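Have a look at run23.cif; it's mmCIF, C-alpha atoms:
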data_upload
loop_
_atom_site.group_PDB
_atom_site.id
_atom_site.type_symbol
_atom_site.label_atom_id
_atom_site.label_comp_id
_atom_site.auth_asym_id
_atom_site.auth_seq_id
_atom_site.Cartn_x
_atom_site.Cartn_y
_atom_site.Cartn_z
ATOM 1 C CA MET A 10 67.409 70.877 57.753
ATOM 2 C CA SER A 11 70.728 72.663 57.886
ATOM 3 C CA LEU A 12 70.953 76.358 57.048
ATOM 4 C CA ASN A 13 74.431 75.788 55.591
ATOM 5 C CA ILE A 14 72.744 75.725 52.203
ATOM 6 C CA LEU A 15 72.422 79.493 52.534
ATOM 7 C CA ASP A 16 76.227 79.756 52.490
ATOM 8 C CA SER A 17 76.101 79.118 48.746
ATOM 9 C CA LEU A 18 74.314 82.428 48.148
ATOM 10 C CA ALA A 19 76.372 85.425 47.044
ATOM 11 C CA PRO A 20 76.348 88.344 49.489
ATOM 12 C CA LYS A 21 74.606 91.549 48.473
ATOM 13 C CA ASN A 22 76.892 94.582 48.214
ATOM 14 C CA LYS A 23 74.271 97.294 48.619
ATOM 15 C CA LYS A 24 71.147 97.957 50.645
ATOM 16 C CA PRO A 25 67.862 97.098 48.945
ATOM 17 C CA PRO A 26 66.013 100.234 47.777
ATOM 18 C CA ASN A 27 62.570 98.940 48.780
ATOM 19 C CA VAL A 28 60.532 96.026 50.090
ATOM 20 C CA LYS A 29 59.945 94.658 46.586
ATOM 21 C CA ALA A 30 63.702 94.286 46.108
ATOM 22 C CA ILE A 31 63.939 92.308 49.367
ATOM 23 C CA SER A 32 60.984 90.123 48.349
ATOM 24 C CA ASP A 33 62.548 89.479 44.944
ATOM 25 C CA TRP A 34 65.875 88.566 46.542
ATOM 26 C CA ILE A 35 64.149 86.153 48.956
ATOM 27 C CA ARG A 36 62.173 84.538 46.119
ATOM 28 C CA GLN A 37 65.259 84.139 43.900
ATOM 29 C CA SER A 38 67.400 82.895 46.779
ATOM 30 C CA ALA A 39 64.770 80.415 47.942
ATOM 31 C CA LYS A 40 64.607 78.972 44.430
ATOM 32 C CA ALA A 41 68.411 78.779 44.223
ATOM 33 C CA VAL A 42 68.684 76.726 47.424
ATOM 34 C CA ASP A 43 65.452 74.756 46.959
ATOM 35 C CA LEU A 44 63.487 76.246 49.880
ATOM 36 C CA SER A 45 59.947 77.567 49.827
ATOM 37 C CA ASP A 46 59.622 81.360 49.636
ATOM 38 C CA SER A 47 57.681 81.407 52.890
ATOM 39 C CA ARG A 48 60.335 79.381 54.731
ATOM 40 C CA LEU A 49 63.191 81.665 53.693
ATOM 41 C CA ASN A 50 61.030 84.733 54.360
ATOM 42 C CA TRP A 51 60.421 83.426 57.909
ATOM 43 C CA ILE A 52 64.163 82.857 58.409
ATOM 44 C CA VAL A 53 64.990 86.401 57.247
ATOM 45 C CA ALA A 54 62.197 88.001 59.307
ATOM 46 C CA SER A 55 63.224 86.078 62.433
ATOM 47 C CA THR A 56 66.825 87.146 61.971
ATOM 48 C CA VAL A 57 65.804 90.814 61.692
ATOM 49 C CA VAL A 58 63.666 90.608 64.852
ATOM 50 C CA LEU A 59 66.437 88.887 66.807
ATOM 51 C CA ALA A 60 68.959 91.520 65.727
ATOM 52 C CA ALA A 61 66.609 94.289 66.905
ATOM 53 C CA LEU A 62 66.082 92.559 70.256
ATOM 54 C CA GLN A 63 69.824 92.193 70.738
ATOM 55 C CA ARG A 64 70.249 95.962 70.256
ATOM 56 C CA ALA A 65 67.401 96.928 72.610
ATOM 57 C CA LEU A 66 68.661 98.699 75.735
ATOM 58 C CA HIS A 67 67.066 99.335 79.124
ATOM 59 C CA ASP A 68 67.052 102.820 80.698
ATOM 60 C CA ASP A 69 70.435 102.069 82.296
ATOM 61 C CA ASN A 70 71.922 101.198 78.865
ATOM 62 C CA GLU A 71 72.087 97.503 79.756
ATOM 63 C CA PRO A 72 70.713 95.038 77.208
ATOM 64 C CA LEU A 73 67.060 94.126 77.689
ATOM 65 C CA PHE A 74 67.684 90.706 76.165
ATOM 66 C CA PHE A 75 70.877 88.682 76.248
#

Please render this file's structure as structure tokens.
Amino acid sequence: MSLNILDSLAPKNKKPPNVKAISDWIRQSAKAVDLSDSRLNWIVASTVVLAALQRALHDDNEPLFF
């Protein structure tokens, strides 16, 4: 499956105020692109974890993961 289907979703212009707003956005977006809620939730969660790992620095300010 290609994730290019997510390109059809409109970007959000503000930060979500709470977890429920994120969950609602995932549910609505999953329906719009014909994915299961759990699949899109996994994609979003994985993306967040990867972004955090990319920012993680060692004591010498070098990336821990690259």

ask   = Residues picked by the PyMOL selection byres ((chain A and resi 39-43) around 8) here, as a ChimeraX atom specification?
value = /A:14-15,17-18,35-38,44-46,49

request  = Can you work out the spacing between atom CA of Val58 of chain A and atom CA of Ser32 of chain A in Å, to one decimal?
outcome  =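 Interatomic distance here is 16.7 Å.
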
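Nearest to Asn50 of chain A of all the residues A:Lys21, A:Asn27, A:Pro72, A:Asp33 is A:Asp33, counting only C-alpha atoms.
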
request  = Tell me, in Å to one decimal, how far atom CA of Arg48 of chain A is from atom CA of Gln63 of chain A.
outcome  = 22.6 Å

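Atom CA of Ala60 of chain A to atom CA of Ala30 of chain A spans 20.5 Å [interatomic distance, one decimal].
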
Using only C-alpha atoms, determine which residues lie at most 10 Å from Ala65 of chain A, disregarding the query and same-chain residues fewer than 6 positions distant; provide the list as a tab-separated table (two decimals) with C-alpha atoms, in the frame of the given file.
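What ended up in out_7.tsv:
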chain	number	residue	atom	x	y	z
A	59	LEU	CA	66.44	88.89	66.81
A	71	GLU	CA	72.09	97.50	79.76
A	72	PRO	CA	70.71	95.04	77.21
A	73	LEU	CA	67.06	94.13	77.69
A	74	PHE	CA	67.68	90.71	76.17
A	75	PHE	CA	70.88	88.68	76.25

Work out where the centre of an axis-aligned box around every listed atom of segment 59-71 of chain A lies and how long its edges are once 6 Å is added on each side; give both in Å to one decimal as JSON.
{"center_x": 69.1, "center_y": 95.9, "center_z": 74.0, "size_x": 18.0, "size_y": 25.9, "size_z": 28.6}
